[in-house]
Amino acid sequence: MQHLKPAPQPDAPPRPRLVCFVNGIFATGIGGGDIYFSYIARAALEAGYPLHFFGGHALKLYLERQGFPPNLTLTDRHIAKLGNVASLPGQFRLLRDFARRLRGSFARLDEVGPDDLAYAMSDYWFDTLPLIRCRARAKILYLGMMAPSLREVLFKGRADVTPARLPALYYWMSQQLSLRWFRRVPGGIVTYSHPEMREYLLRFGYQPHQLVYVPNGSDVLVADGVPPQPKQFDLAWTGRVHPQKGIDDLLATLSWLKIQIPDFRAVIIGKSRDALEPVIRSMGLADHVTFSGLVSEEEKFRLLKCSRVFAMPSRYESWGIVIGEALVAGVPVVAYRLGCYPSVFGDALRYVTPFDVEAFKRSVEEEIRRQRAGVNYLDALDQVALKKRLSWQSAQDNFRAVLNGNLKSAKR
């Protein structure tokens, strides 16, 4: 694969390096945060900033797949065999794995100079501590999701808090320490991906000028490059197989629609096939549900455009990238009215009272029937403005403004 290079900037002095601490990538899979980082890194390259990365061998594979320049300071010796990281022993193995990359970063931190810009792609300690301690004068910390509060951890007050509570307690403690320590960094900037995070950061003592909104996004260019498709599926869904994602509500909805909708068909997009296909088969839904497996971005948007409704029964989200992807593909979305959605998606969703599964099933059914009748509520919205607001281009423009502003600050 040809490596991406910084774009030449005519009539402008050379840009400084952007050093990115990316110690959180520990396996070959890609999550939402990794997708976000790929667009942010591309924004820097397109603005002419050379990239250098601190991370492990899993990051090395990620950079190769994404076509990024191989400018990498390795912070571990190999990809660890961690087994089931969701188990309690696996959590401790993962903690040790992060710690070894932190040590590897500290061992070579002198490679970062005062004229570099430095960026931590997460608010976890294994990225923020090297960011804080490096010599770069301009430093940027990314906040992608608010950790549950201590009360939510103790009383399991949020859907992503597991019964064991230990991972959530660790997440809360890590975010508390990172944000409090980074607040003391002179000139430090925090970029955040959701509007409600601004008030959260102000409560930590950050000043408004230190905070910049750099949202998640959707690949509008790829979506627009896929032509309209004949409708093959009534419902589409993609996501992780996790109670947080409302999997039980999704399965209940599929069973309901099989009975209520003649010739009902659904597609499940992504890598959830191994976990969900046996369940779908046991529920007698095998003839009604198609699994795509992992697909390209173009094929993902083609499958979305082949669908009438995107169902999102998630019980907690920090933004909702898959919702944005459905909307830019012109697919109506039915979702529980989570607090994070209205400020991002406004009236572009069909909201259901959390977590009324009976109401959710009926709302999805009604939307499918409208779609079969040729009625799409998105047609009444300004879809050009919606796509612009939800595009990665908007996020990248915001991040380039952060880089340019930090460059000016560092020169003073």
# chains A, B, ... in the order shown; residues from 1 in each chain; ligands from 1
call {"tool": "select_by_dssp", "arguments": {"residues": "region 198-232 of chain A", "states": "strand (DSSP E or B)", "output": "ChimeraX atom specification"}}
result
/A:211-213,218
call {"tool": "residues_around", "arguments": {"residues": "region 199-216 of chain A", "least_positions_apart": "5", "cutoff": "7 Å", "atoms": "only C-alpha atoms", "output": "PDB file with C-alpha atoms, in the first residue's frame"}}
result
ATOM      1  CA  TYR A  36     -12.067   8.485  14.535  1.00  0.00           C
ATOM      2  CA  ARG A 180      -7.098  16.681  36.457  1.00  0.00           C
ATOM      3  CA  ARG A 183      -5.547  20.703  33.393  1.00  0.00           C
ATOM      4  CA  GLY A 188      -2.980  22.412  26.839  1.00  0.00           C
ATOM      5  CA  ILE A 189      -6.005  21.968  24.569  1.00  0.00           C
ATOM      6  CA  VAL A 190      -8.758  19.358  24.971  1.00  0.00           C
ATOM      7  CA  THR A 191     -10.730  18.315  21.913  1.00  0.00           C
ATOM      8  CA  TYR A 192     -14.054  16.645  22.667  1.00  0.00           C
ATOM      9  CA  SER A 193     -16.409  14.705  20.424  1.00  0.00           C
ATOM     10  CA  HIS A 194     -19.856  15.513  21.847  1.00  0.00           C
ATOM     11  CA  ILE A 321     -21.494   6.872  14.504  1.00  0.00           C
ATOM     12  CA  TRP A 392     -15.948  13.788   8.710  1.00  0.00           C
ATOM     13  CA  ALA A 395     -14.588  17.260  12.117  1.00  0.00           C
ATOM     14  CA  ASN A 398     -12.147  21.689  13.291  1.00  0.00           C
ATOM     15  CA  PHE A 399      -9.025  19.659  14.031  1.00  0.00           C
TER      16      PHE A 399
END
call {"tool": "closest_atom_pairs", "arguments": {"of": "region 258-317 of chain A", "to": "region 351-360 of chain A", "cutoff": "12 Å", "atoms": "only C-alpha atoms", "output": "JSON lines"}}
result
{"residue": "A:Ala311", "atom": "CA", "partner": "A:Phe360", "partner_atom": "CA", "distance": 8.9}
{"residue": "A:Met312", "atom": "CA", "partner": "A:Phe360", "partner_atom": "CA", "distance": 9.4}
{"residue": "A:Pro313", "atom": "CA", "partner": "A:Phe360", "partner_atom": "CA", "distance": 7.7}
{"residue": "A:Ser314", "atom": "CA", "partner": "A:Phe355", "partner_atom": "CA", "distance": 9.2}
{"residue": "A:Arg315", "atom": "CA", "partner": "A:Phe355", "partner_atom": "CA", "distance": 7.5}
{"residue": "A:Tyr316", "atom": "CA", "partner": "A:Pro354", "partner_atom": "CA", "distance": 10.3}
call {"tool": "closest_residue", "arguments": {"among": "A:Phe126, A:Ile368, A:Leu338, A:Met146", "to": "Ala236 (chain A)", "atoms": "only C-alpha atoms"}}
result
A:Ile368
call {"tool": "residues_around", "arguments": {"residues": "Asp263 (chain A)", "least_positions_apart": "6", "cutoff": "10 Å", "atoms": "only C-alpha atoms", "output": "list in words"}}
result
Phe233, Asp234, Leu257, Asp287 and His288 of chain A
call {"tool": "closest_residue", "arguments": {"among": "A:Arg308, A:Arg42, A:Arg100, A:Lys81", "to": "Val333 (chain A)", "atoms": "only C-alpha atoms"}}
result
A:Arg308
call {"tool": "decode", "arguments": {"residues": "region 365-399 of chain A", "atoms": "C-alpha atoms", "output": "PDB file, in the first residue's frame"}}
result
ATOM      1  CA  GLU A 365     -43.002  -1.587  12.571  1.00  0.00           C
ATOM      2  CA  GLU A 366     -44.805   1.684  11.812  1.00  0.00           C
ATOM      3  CA  GLU A 367     -41.712   3.161  10.156  1.00  0.00           C
ATOM      4  CA  ILE A 368     -41.250   0.071   7.987  1.00  0.00           C
ATOM      5  CA  ARG A 369     -44.871   0.279   6.873  1.00  0.00           C
ATOM      6  CA  ARG A 370     -44.421   3.948   5.971  1.00  0.00           C
ATOM      7  CA  GLN A 371     -41.294   3.120   4.013  1.00  0.00           C
ATOM      8  CA  ARG A 372     -43.065   0.337   2.151  1.00  0.00           C
ATOM      9  CA  ALA A 373     -45.700   2.940   1.238  1.00  0.00           C
ATOM     10  CA  GLY A 374     -42.979   5.249  -0.098  1.00  0.00           C
ATOM     11  CA  VAL A 375     -43.023   7.771   2.769  1.00  0.00           C
ATOM     12  CA  ASN A 376     -39.618   8.789   4.172  1.00  0.00           C
ATOM     13  CA  TYR A 377     -39.653  11.484   6.872  1.00  0.00           C
ATOM     14  CA  LEU A 378     -36.084  12.469   5.956  1.00  0.00           C
ATOM     15  CA  ASP A 379     -37.395  13.907   2.676  1.00  0.00           C
ATOM     16  CA  ALA A 380     -38.862  16.825   4.663  1.00  0.00           C
ATOM     17  CA  LEU A 381     -35.483  17.717   6.218  1.00  0.00           C
ATOM     18  CA  ASP A 382     -32.592  19.739   4.816  1.00  0.00           C
ATOM     19  CA  GLN A 383     -30.459  16.717   3.987  1.00  0.00           C
ATOM     20  CA  VAL A 384     -27.634  18.794   2.522  1.00  0.00           C
ATOM     21  CA  ALA A 385     -27.201  20.619   5.838  1.00  0.00           C
ATOM     22  CA  LEU A 386     -27.603  17.358   7.772  1.00  0.00           C
ATOM     23  CA  LYS A 387     -24.863  15.658   5.776  1.00  0.00           C
ATOM     24  CA  LYS A 388     -22.546  18.607   6.190  1.00  0.00           C
ATOM     25  CA  ARG A 389     -23.062  18.609   9.963  1.00  0.00           C
ATOM     26  CA  LEU A 390     -22.462  14.860  10.220  1.00  0.00           C
ATOM     27  CA  SER A 391     -19.519  14.642   7.815  1.00  0.00           C
ATOM     28  CA  TRP A 392     -15.948  13.788   8.710  1.00  0.00           C
ATOM     29  CA  GLN A 393     -14.991  16.876   6.713  1.00  0.00           C
ATOM     30  CA  SER A 394     -16.500  19.116   9.400  1.00  0.00           C
ATOM     31  CA  ALA A 395     -14.588  17.260  12.117  1.00  0.00           C
ATOM     32  CA  GLN A 396     -11.342  17.445  10.130  1.00  0.00           C
ATOM     33  CA  ASP A 397     -11.756  21.181   9.541  1.00  0.00           C
ATOM     34  CA  ASN A 398     -12.147  21.689  13.291  1.00  0.00           C
ATOM     35  CA  PHE A 399      -9.025  19.659  14.031  1.00  0.00           C
TER      36      PHE A 399
END
